[in-house]
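> Structure below; questions to follow.
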Amino acid sequence: MKFTWSHAFRFFAMVAFAASGAAFASGSHTGGHGHDGDETAIGKPGLTAKVRRTITIEMRDNMRYTPSKIQVKQGETVRFIVKNAGQVKHEVSLGTEKELLEHLEQMKKFPDMEHDEPSKVTLQPGKRGEIVWQFTKAGTVNFACLMPGHYEAGMKGAIQVGRK
């Protein structure tokens, strides 16, 4: 194959495109997820010292969470121990329904996206992780597995945040 400037341009364009996709897939994207204690529409990362309750959430390959409905109080800081009891990778992503649906579209484009947001945990089979979250606003906080096909199969839940 003969090397031309056209080939060089295409090569650099592909490298730039791949780099931008990798940056997007790294989990460092916008969408109101909150970093470093920033308050979002669903609350903010919690301080471990303020945890008053621990809730275990199990993820299974039947595309369900146990429990899928959780109640907390406004202002409460909760530690979620998340266990992947299945044979495939699953995750818990906290968010508004709108945020989760937007993120779902990104996950379809970048299924191997790695997350660094405090409101998310992705786990390989048999692994466990945690989310510590403070619920600062009354209302509903949704959670879902945004791995391709999982949300559509029903892998979602809701946290009802009651007023103080």
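Just so we're on the same page: first chain in the structure tokens is A, next is B, and so on; residues restart at 1 for each chain, and ligands are numbered from 1 in the order they show up.
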Which residues are near range 141-156 of chain A? Cut-off 7 Å, only C-alpha atoms, ignore same chain within fewer than 4 positions. Put them as a tab-separated table (two decimals) with N, CA, C and O atoms, in the first residue's frame.

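Writing the result to out-v7.tsv gives the following:
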```tsv
chain	number	residue	atom	x	y	z
A	42	ILE	N	-30.69	14.47	42.97
A	42	ILE	CA	-31.03	13.29	43.79
A	42	ILE	C	-30.31	13.28	45.14
A	42	ILE	O	-30.43	12.34	45.89
A	63	MET	N	-32.57	-10.09	35.96
A	63	MET	CA	-32.70	-8.65	35.69
A	63	MET	C	-33.59	-7.97	36.72
A	63	MET	O	-34.41	-7.11	36.40
A	64	ARG	N	-33.37	-8.35	37.98
A	64	ARG	CA	-34.11	-7.75	39.08
A	64	ARG	C	-33.15	-7.43	40.22
A	64	ARG	O	-32.12	-8.07	40.39
A	65	TYR	N	-33.55	-6.42	40.99
A	65	TYR	CA	-32.86	-6.06	42.22
A	65	TYR	C	-33.70	-6.57	43.39
A	65	TYR	O	-34.92	-6.56	43.33
A	68	SER	N	-36.23	-3.89	45.30
A	68	SER	CA	-36.35	-2.93	44.20
A	68	SER	C	-37.06	-1.65	44.64
A	68	SER	O	-37.06	-0.67	43.91
A	90	HIS	N	-23.22	-6.43	36.27
A	90	HIS	CA	-24.38	-5.59	36.55
A	90	HIS	C	-23.91	-4.31	37.22
A	90	HIS	O	-22.76	-4.22	37.68
A	91	GLU	N	-24.83	-3.35	37.33
A	91	GLU	CA	-24.50	-2.11	38.02
A	91	GLU	C	-25.72	-1.53	38.71
A	91	GLU	O	-26.85	-1.90	38.40
A	92	VAL	N	-25.45	-0.62	39.63
A	92	VAL	CA	-26.47	0.24	40.22
A	92	VAL	C	-26.06	1.66	39.88
A	92	VAL	O	-24.95	2.09	40.19
A	93	SER	N	-26.97	2.37	39.20
A	93	SER	CA	-26.78	3.78	38.91
A	93	SER	C	-27.95	4.53	39.52
A	93	SER	O	-29.11	4.24	39.20
A	94	LEU	N	-27.67	5.47	40.42
A	94	LEU	CA	-28.71	6.32	41.01
A	94	LEU	C	-28.92	7.51	40.11
A	94	LEU	O	-27.96	8.05	39.55
A	95	GLY	N	-30.17	7.98	39.99
A	95	GLY	CA	-30.42	9.18	39.21
A	95	GLY	C	-31.89	9.47	39.07
A	95	GLY	O	-32.74	8.69	39.51
A	96	THR	N	-32.18	10.59	38.42
A	96	THR	CA	-33.56	10.85	38.03
A	96	THR	C	-33.86	9.94	36.84
A	96	THR	O	-32.93	9.43	36.20
A	97	GLU	N	-35.11	9.73	36.56
A	97	GLU	CA	-35.45	8.90	35.40
A	97	GLU	C	-34.84	9.48	34.13
A	97	GLU	O	-34.28	8.76	33.30
A	104	LEU	N	-28.35	5.74	29.70
A	104	LEU	CA	-28.61	4.48	29.00
A	104	LEU	C	-28.22	4.60	27.53
A	104	LEU	O	-27.60	3.69	26.97
A	107	MET	N	-24.52	4.39	27.29
A	107	MET	CA	-24.05	3.03	27.53
A	107	MET	C	-24.26	2.16	26.30
A	107	MET	O	-23.50	1.23	26.05
A	108	LYS	N	-25.30	2.44	25.51
A	108	LYS	CA	-25.52	1.68	24.28
A	108	LYS	C	-24.38	1.95	23.29
A	108	LYS	O	-23.96	1.06	22.57
A	111	PRO	N	-20.60	0.41	25.62
A	111	PRO	CA	-21.00	-0.58	26.63
A	111	PRO	C	-19.92	-0.92	27.66
A	111	PRO	O	-20.24	-1.42	28.72
A	160	GLN	N	-37.88	5.85	47.64
A	160	GLN	CA	-38.82	6.90	48.02
A	160	GLN	C	-38.22	7.66	49.18
A	160	GLN	O	-37.94	7.08	50.23
```
> Mind listing the strand (DSSP E) residues of range 62-157 of chain A, per DSSP on the backbone, as JSON, numbers by chain?
{"A": [64, 65, 66, 69, 70, 71, 72, 73, 77, 78, 79, 80, 81, 82, 83, 84, 90, 91, 92, 93, 94, 95, 120, 121, 122, 123, 128, 129, 130, 131, 132, 133, 134, 139, 140, 141, 142, 143, 144, 156, 157]}
> What would the file look like if the residues just selected were written as a compact mmCIF listing (two decimals), in the first residue's frame with N, CA and C atoms?

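Result went into result-v8.txt, see below:
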```txt
# COMPACT_ATOMS: atom_id res chain seq x y z
N ARG A 64 -33.37 -8.35 37.98
CA ARG A 64 -34.11 -7.75 39.08
C ARG A 64 -33.15 -7.43 40.22
N TYR A 65 -33.55 -6.42 40.99
CA TYR A 65 -32.86 -6.06 42.22
C TYR A 65 -33.70 -6.57 43.39
N THR A 66 -33.02 -6.94 44.46
CA THR A 66 -33.70 -7.27 45.71
C THR A 66 -33.02 -6.47 46.81
N LYS A 69 -37.65 -1.70 45.82
CA LYS A 69 -38.30 -0.52 46.39
C LYS A 69 -37.72 -0.28 47.78
N ILE A 70 -37.24 0.95 47.99
CA ILE A 70 -36.56 1.29 49.24
C ILE A 70 -37.14 2.60 49.75
N GLN A 71 -37.25 2.74 51.06
CA GLN A 71 -37.71 3.99 51.66
C GLN A 71 -36.61 4.55 52.56
N VAL A 72 -36.36 5.85 52.41
CA VAL A 72 -35.40 6.56 53.25
C VAL A 72 -36.04 7.89 53.65
N LYS A 73 -35.38 8.61 54.55
CA LYS A 73 -35.87 9.92 54.97
C LYS A 73 -34.99 11.01 54.39
N THR A 77 -28.29 9.65 55.40
CA THR A 77 -27.14 9.14 54.68
C THR A 77 -27.15 7.62 54.81
N VAL A 78 -27.17 6.94 53.66
CA VAL A 78 -27.32 5.49 53.62
C VAL A 78 -26.11 4.87 52.91
N ARG A 79 -25.65 3.76 53.47
CA ARG A 79 -24.62 2.95 52.80
C ARG A 79 -25.36 1.81 52.10
N PHE A 80 -25.21 1.73 50.79
CA PHE A 80 -25.76 0.62 50.02
C PHE A 80 -24.63 -0.37 49.77
N ILE A 81 -24.79 -1.57 50.29
CA ILE A 81 -23.87 -2.66 49.97
C ILE A 81 -24.50 -3.36 48.77
N VAL A 82 -23.80 -3.35 47.65
CA VAL A 82 -24.33 -3.89 46.40
C VAL A 82 -23.59 -5.19 46.09
N LYS A 83 -24.37 -6.26 45.89
CA LYS A 83 -23.79 -7.59 45.62
C LYS A 83 -24.27 -8.07 44.25
N ASN A 84 -23.34 -8.51 43.43
CA ASN A 84 -23.69 -9.12 42.15
C ASN A 84 -23.76 -10.62 42.36
N HIS A 90 -23.22 -6.43 36.27
CA HIS A 90 -24.38 -5.59 36.55
C HIS A 90 -23.91 -4.31 37.22
N GLU A 91 -24.83 -3.35 37.33
CA GLU A 91 -24.50 -2.11 38.02
C GLU A 91 -25.72 -1.53 38.71
N VAL A 92 -25.45 -0.62 39.63
CA VAL A 92 -26.47 0.24 40.22
C VAL A 92 -26.06 1.66 39.88
N SER A 93 -26.97 2.37 39.20
CA SER A 93 -26.78 3.78 38.91
C SER A 93 -27.95 4.53 39.52
N LEU A 94 -27.67 5.47 40.42
CA LEU A 94 -28.71 6.32 41.01
C LEU A 94 -28.92 7.51 40.11
N GLY A 95 -30.17 7.98 39.99
CA GLY A 95 -30.42 9.18 39.21
C GLY A 95 -31.89 9.47 39.07
N LYS A 120 -22.69 5.55 41.42
CA LYS A 120 -22.74 4.36 40.58
C LYS A 120 -21.73 3.33 41.06
N VAL A 121 -22.08 2.06 40.85
CA VAL A 121 -21.13 0.98 41.08
C VAL A 121 -21.42 -0.11 40.05
N THR A 122 -20.37 -0.54 39.37
CA THR A 122 -20.45 -1.62 38.38
C THR A 122 -19.64 -2.79 38.92
N LEU A 123 -20.25 -3.98 38.87
CA LEU A 123 -19.61 -5.14 39.50
C LEU A 123 -19.60 -6.37 38.59
N ARG A 128 -18.75 -7.42 45.16
CA ARG A 128 -19.60 -6.50 45.91
C ARG A 128 -18.93 -5.14 45.97
N GLY A 129 -19.74 -4.14 46.13
CA GLY A 129 -19.25 -2.77 46.23
C GLY A 129 -20.21 -1.96 47.08
N GLU A 130 -19.99 -0.65 47.13
CA GLU A 130 -20.89 0.17 47.94
C GLU A 130 -21.04 1.57 47.36
N ILE A 131 -22.16 2.15 47.72
CA ILE A 131 -22.45 3.55 47.44
C ILE A 131 -22.87 4.15 48.77
N VAL A 132 -22.28 5.28 49.13
CA VAL A 132 -22.72 6.02 50.32
C VAL A 132 -23.33 7.30 49.80
N TRP A 133 -24.62 7.49 50.11
CA TRP A 133 -25.37 8.59 49.51
C TRP A 133 -26.22 9.31 50.55
N GLN A 134 -26.25 10.64 50.45
CA GLN A 134 -27.13 11.44 51.31
C GLN A 134 -28.30 11.93 50.46
N GLY A 139 -38.81 13.01 47.55
CA GLY A 139 -39.26 12.61 46.21
C GLY A 139 -38.77 11.21 45.88
N THR A 140 -38.65 10.93 44.61
CA THR A 140 -38.23 9.62 44.15
C THR A 140 -36.85 9.69 43.52
N VAL A 141 -35.97 8.80 43.94
CA VAL A 141 -34.67 8.60 43.31
C VAL A 141 -34.73 7.23 42.66
N ASN A 142 -34.45 7.19 41.38
CA ASN A 142 -34.48 5.93 40.65
C ASN A 142 -33.10 5.28 40.66
N PHE A 143 -33.08 3.97 40.49
CA PHE A 143 -31.81 3.28 40.27
C PHE A 143 -32.04 2.21 39.21
N ALA A 144 -30.97 1.92 38.46
CA ALA A 144 -31.11 1.00 37.35
C ALA A 144 -29.76 0.42 36.96
N LYS A 156 -34.56 -2.28 37.29
CA LYS A 156 -34.68 -0.92 37.82
C LYS A 156 -35.43 -0.96 39.13
N GLY A 157 -35.29 0.13 39.88
CA GLY A 157 -35.94 0.24 41.17
C GLY A 157 -36.13 1.69 41.54
```
> Between A:Asp112, A:Glu102, A:Glu58, A:Glu76, which residue has the minimum interatomic distance to Lys137 in chain A, considering only C-alpha atoms?
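Of A:Asp112, A:Glu102, A:Glu58, A:Glu76, the one nearest Lys137 in chain A is A:Glu76, counting only C-alpha atoms.
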> Go through A:Ser119, A:Phe135, A:Pro125, A:Leu100 one by one, measure the shortest atom-to-atom distance of each to Val51 in chain A using only C-alpha atoms, and give the residue with the smallest value.
A:Phe135
> What does the structure give for the distance between CA of Lys127 in chain A and CA of Thr48 in chain A, in Å to one decimal?
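Between these atoms lies a distance of 20.7 Å.
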> Between CA of Ala138 in chain A and CA of Arg60 in chain A, measure the distance and give it in Å to one decimal.
28.7 Å
